Amino acid sequence: MSYIIETRSVSEFVVDNDIKLPRFQRKSTWTAKQNFELAISIFQEYPVGVVIINEERGTQWLLDGRQRRTALMELRANPDSVYEWAKKYIKFKPNEDINSLRNAFWGTVDAYLQADNEDDDESDSEYINDENQEDDINKSRQKEGLTTLLDIILMVHQKKSGLGLWERIFSLKDYVNRLPYAPKRENYTINPISLRSFLLDYSSQNKNFSIDSFIQFLDDRGEVKDEKFNELKNLIERQWNEISSIISTISKSEQIFKAARIGVILIKNVTPLDAQNIFSRINSGGTQLKAEELLSAKPFWNEKVINHDSKMVELVKQLYDKLGVETPTDGTVVRWDYGATLIARIKDKGLLFDIDKDAKKEIDMGIITLGFKLISSYFEKGMSAVVVGEIERDNKIKWGQSIDELVDNINKICEILHNNDFFKFLSYWKKSIYHLMGSAIVLEFITILLLDWESRECPTTASSEMNGFLRDAKNLFDRLVFEYAIGAWRGSGDSKMAAHIKNWDDRVKPLESSRWKDLLDAVPTANYHGQNLDIKHLTPILCYQYALQKIIPYETLEETSEVDHIIPQAKLSDNPAIPQTYKDALFNLVLLPKPDNNQKKDKYLKDIPKSSLRESYAKYSGISVKNFEKYSDVANMEALKEERMKMLKQIFGELRSKELAN
């Protein structure tokens, strides 16, 4: 890896077309407050932050700093935007008196700058006041810069019919045939960005502003109507003070942007880990740089896929709508889109990932990362950031044919699993493997099933190979639930998963029944060989239990299911007569549909109000309604333990062995 740290002119930075934006960009979240405080920094000659650019194959990709660059572009190009930010920040009215607005501006800016100074420590103040720094901080120039910012606000102020003062002054369509900043194709609507550019062009070509040179410039650019020439000249003469002042303000602001500097960290041949470390050092208070952002700033992932599936364009549109960022309008699909949409293409009925496919809701960024990890898990046999990076060197992947085939095969496997009673009952409880046990486990599960299924020549109908595949799937699930419960996956799931995939045929072998017996024996102590058995790690066992018992909710769940305590936690906390490990022990836990859990809350069994809920609870817990009174007494906790542990040992003994043998 190599990198350099440099400064660039803000003006050059915002117009540099050689800087490419990644396919994926963060949703714009900057507020008017952030934008206007950035404006103060620019015109005050303060630093305006640091951006990260990734250079590969001779192209520069903006890895971090899009929102800052967008704000700077708007700040430089559109005085109307600066005015709107100022109005919200300073809190003045659209018809505010000019003197009142001036006072409000200086009062607000002074308060902001003083607040910044109060946050500085003494060493910084001493450094700034050092006589050697006098030339670097020119108070007069700073004041002039802020005055220019105020002039921008004032030249737009007192808008009427959506037009600022400056736009009304330059509303000259009646005098000019082709007004460059108000084209006929846009119904002669003045574009403030084009107007600023027009005035800036004039100022750059005319050192001394004059009425005649301005009219000549108008004629050259837009052709002044002959019959309106004298009328136009009279109008400009009457308003020349305002016109020349506005041109001067625009010119001064451009000079400020040319003088302003922005820090750039230019990285080359960077690994994802290095990029994240660099980012975290300079942006400790910001949002962590995500893996999908790193990939989107690499040329490989921005290469267009020509032979993409016909549904991909719509999927890409839905993705970007969910992300809340600009949707590609050219109908193109790039490699990055395949990783980002992969999970959304899987029809798992909530068994694997259970993602919300509602197009109106924002997407979980973790799900996007998961798509890239799934590609690397299958093709590269690992899911770490380093392994994901190796996809670039895999010439066996045909974009997007190979990814389409991967999705099709996963969907076929999901259909096979859902036609099996065990996995069908498992999915009824709305607890996907991903949400139950995390990304490493769900990726191992689906990757090994793919490898196992392919090794059996991809069976899709009833056969000995299909039966063997289903046994392997249940054995793998059984093993993963056990390992998760005892904490075997705590720490680095990446390395474990990669090692397991290399020896995947060992992972589908049945786990010894004695290991489940040892785990259940440890339940009352809530500790298995030094690892705590907490609710989070026991929840998958509850789902597994119901799948083995073929228990489903009375009604189809619209929401998830939740863990409930048979004897409420509050009744057991700090009770010296009851071991504290009993409170969250597996024998005191059941899984309830969320609506039922909301009704039950912290009630004793005897106090459950509705008869229908009482019947449901009896089914979920294995405790008959006639015993609700008995197990509402904390004194009978030991009896509850004995009854429930007997049931659990039967489920994970006899029922488990029978299920795994089928």
# chains A, B, ... in the order shown; residues from 1 in each chain; ligands from 1
>>> residues_around(residues="A:Asn588", least_positions_apart="5", cutoff="8 Å", atoms="only C-alpha atoms", output="list in words")
His565, Ile566, Ile567, Tyr582, Lys583, Leu640, Lys641 and Arg644 of chain A
>>> select_by_dssp(residues="stretch 213-416 of chain A", states="strand (DSSP E or B)", output="MDAnalysis selection string")
chainID A and resid 224 261:268 304 334
>>> residues_around(residues="A:Lys159", least_positions_apart="6", cutoff="12 Å", atoms="only C-alpha atoms", output="ChimeraX atom specification")
/A:80,83-84,87,93-96,153,165-169
>>> residues_around(residues="A:Tyr631", least_positions_apart="2", cutoff="10 Å", atoms="only C-alpha atoms", output="ChimeraX atom specification")
/A:566-567,604-606,623,626-629,633-640
>>> residues_around(residues="A:Gly487", least_positions_apart="6", cutoff="12 Å", atoms="only C-alpha atoms", output="PDB file with N, CA and C atoms, in the first residue's frame")
ATOM      1  N   MET A 437     -28.233 -16.460  14.508  1.00  0.00           N
ATOM      2  CA  MET A 437     -26.860 -16.862  14.797  1.00  0.00           C
ATOM      3  C   MET A 437     -25.785 -16.076  14.043  1.00  0.00           C
ATOM      4  N   LEU A 480     -24.589 -26.545  14.063  1.00  0.00           N
ATOM      5  CA  LEU A 480     -24.427 -25.100  14.184  1.00  0.00           C
ATOM      6  C   LEU A 480     -25.163 -24.540  15.396  1.00  0.00           C
ATOM      7  N   VAL A 481     -26.366 -25.033  15.656  1.00  0.00           N
ATOM      8  CA  VAL A 481     -27.115 -24.583  16.837  1.00  0.00           C
ATOM      9  C   VAL A 481     -26.359 -24.954  18.106  1.00  0.00           C
ATOM     10  N   GLY A 493     -15.636 -15.342  13.437  1.00  0.00           N
ATOM     11  CA  GLY A 493     -16.401 -16.298  12.656  1.00  0.00           C
ATOM     12  C   GLY A 493     -15.820 -16.501  11.273  1.00  0.00           C
ATOM     13  N   LEU A 519     -24.717 -30.818  27.243  1.00  0.00           N
ATOM     14  CA  LEU A 519     -25.205 -29.435  27.217  1.00  0.00           C
ATOM     15  C   LEU A 519     -26.448 -29.290  28.095  1.00  0.00           C
ATOM     16  N   ASN A 527     -23.781 -22.774  32.609  1.00  0.00           N
ATOM     17  CA  ASN A 527     -22.373 -22.704  32.253  1.00  0.00           C
ATOM     18  C   ASN A 527     -21.928 -24.040  31.657  1.00  0.00           C
ATOM     19  N   TYR A 528     -21.358 -23.972  30.451  1.00  0.00           N
ATOM     20  CA  TYR A 528     -20.898 -25.179  29.773  1.00  0.00           C
ATOM     21  C   TYR A 528     -19.399 -25.063  29.545  1.00  0.00           C
ATOM     22  N   HIS A 529     -18.644 -25.787  30.321  1.00  0.00           N
ATOM     23  CA  HIS A 529     -17.179 -25.782  30.207  1.00  0.00           C
ATOM     24  C   HIS A 529     -16.612 -24.364  30.176  1.00  0.00           C
ATOM     25  N   GLY A 530     -17.105 -23.541  31.077  1.00  0.00           N
ATOM     26  CA  GLY A 530     -16.586 -22.182  31.197  1.00  0.00           C
ATOM     27  C   GLY A 530     -17.296 -21.137  30.363  1.00  0.00           C
ATOM     28  N   GLN A 531     -18.212 -21.553  29.500  1.00  0.00           N
ATOM     29  CA  GLN A 531     -18.960 -20.604  28.673  1.00  0.00           C
ATOM     30  C   GLN A 531     -20.368 -20.419  29.230  1.00  0.00           C
ATOM     31  N   ASN A 532     -20.770 -19.151  29.414  1.00  0.00           N
ATOM     32  CA  ASN A 532     -22.107 -18.872  29.918  1.00  0.00           C
ATOM     33  C   ASN A 532     -23.163 -19.227  28.878  1.00  0.00           C
ATOM     34  N   LEU A 533     -24.237 -19.834  29.343  1.00  0.00           N
ATOM     35  CA  LEU A 533     -25.369 -20.155  28.471  1.00  0.00           C
ATOM     36  C   LEU A 533     -26.416 -19.057  28.652  1.00  0.00           C
ATOM     37  N   ASP A 534     -26.291 -17.981  27.859  1.00  0.00           N
ATOM     38  CA  ASP A 534     -27.206 -16.850  28.013  1.00  0.00           C
ATOM     39  C   ASP A 534     -28.372 -16.960  27.042  1.00  0.00           C
ATOM     40  N   ILE A 535     -29.352 -16.058  27.202  1.00  0.00           N
ATOM     41  CA  ILE A 535     -30.579 -16.121  26.393  1.00  0.00           C
ATOM     42  C   ILE A 535     -30.275 -16.025  24.906  1.00  0.00           C
ATOM     43  N   LYS A 536     -29.387 -15.109  24.545  1.00  0.00           N
ATOM     44  CA  LYS A 536     -29.069 -14.925  23.130  1.00  0.00           C
ATOM     45  C   LYS A 536     -28.622 -16.227  22.491  1.00  0.00           C
ATOM     46  N   HIS A 537     -27.768 -16.971  23.184  1.00  0.00           N
ATOM     47  CA  HIS A 537     -27.225 -18.197  22.603  1.00  0.00           C
ATOM     48  C   HIS A 537     -28.143 -19.401  22.792  1.00  0.00           C
ATOM     49  N   LEU A 538     -29.161 -19.259  23.651  1.00  0.00           N
ATOM     50  CA  LEU A 538     -30.122 -20.342  23.846  1.00  0.00           C
ATOM     51  C   LEU A 538     -31.333 -20.220  22.929  1.00  0.00           C
TER      52      LEU A 538
END
>>> closest_atom_pairs(of="stretch 313-425 of chain A", to="stretch 297-309 of chain A", cutoff="10 Å", atoms="only C-alpha atoms", output="CSV")
residue,atom,partner,partner_atom,distance
A:Val313,CA,A:Asp309,CA,8.0
A:Thr332,CA,A:Lys304,CA,6.7
A:Val333,CA,A:Val305,CA,5.7
A:Val334,CA,A:Lys304,CA,4.2
A:Arg335,CA,A:Trp301,CA,4.9
A:Trp336,CA,A:Trp301,CA,4.8
A:Asp337,CA,A:Trp301,CA,8.3
A:Tyr338,CA,A:Val305,CA,9.3
A:Gly339,CA,A:Trp301,CA,9.3
A:Ile391,CA,A:Phe300,CA,9.5
A:Glu392,CA,A:Phe300,CA,6.6
A:Arg393,CA,A:Phe300,CA,9.6
A:Lys398,CA,A:Val305,CA,9.5
A:Trp399,CA,A:Val305,CA,6.2
A:Gly400,CA,A:His308,CA,5.7
A:Gln401,CA,A:His308,CA,7.3
A:Ile403,CA,A:His308,CA,9.8
A:Asp404,CA,A:Asp309,CA,7.5
>>> residues_around(residues="A:Trp489", least_positions_apart="2", cutoff="12 Å", atoms="only C-alpha atoms", output="PyMOL selection string")
chain A and resi 437-441+444+479-487+491-497+500+531+537
>>> residues_around(residues="A:Glu654", least_positions_apart="5", cutoff="12 Å", atoms="only C-alpha atoms", output="ChimeraX atom specification")
/A:513,516-517,548-549,646-649,659-661
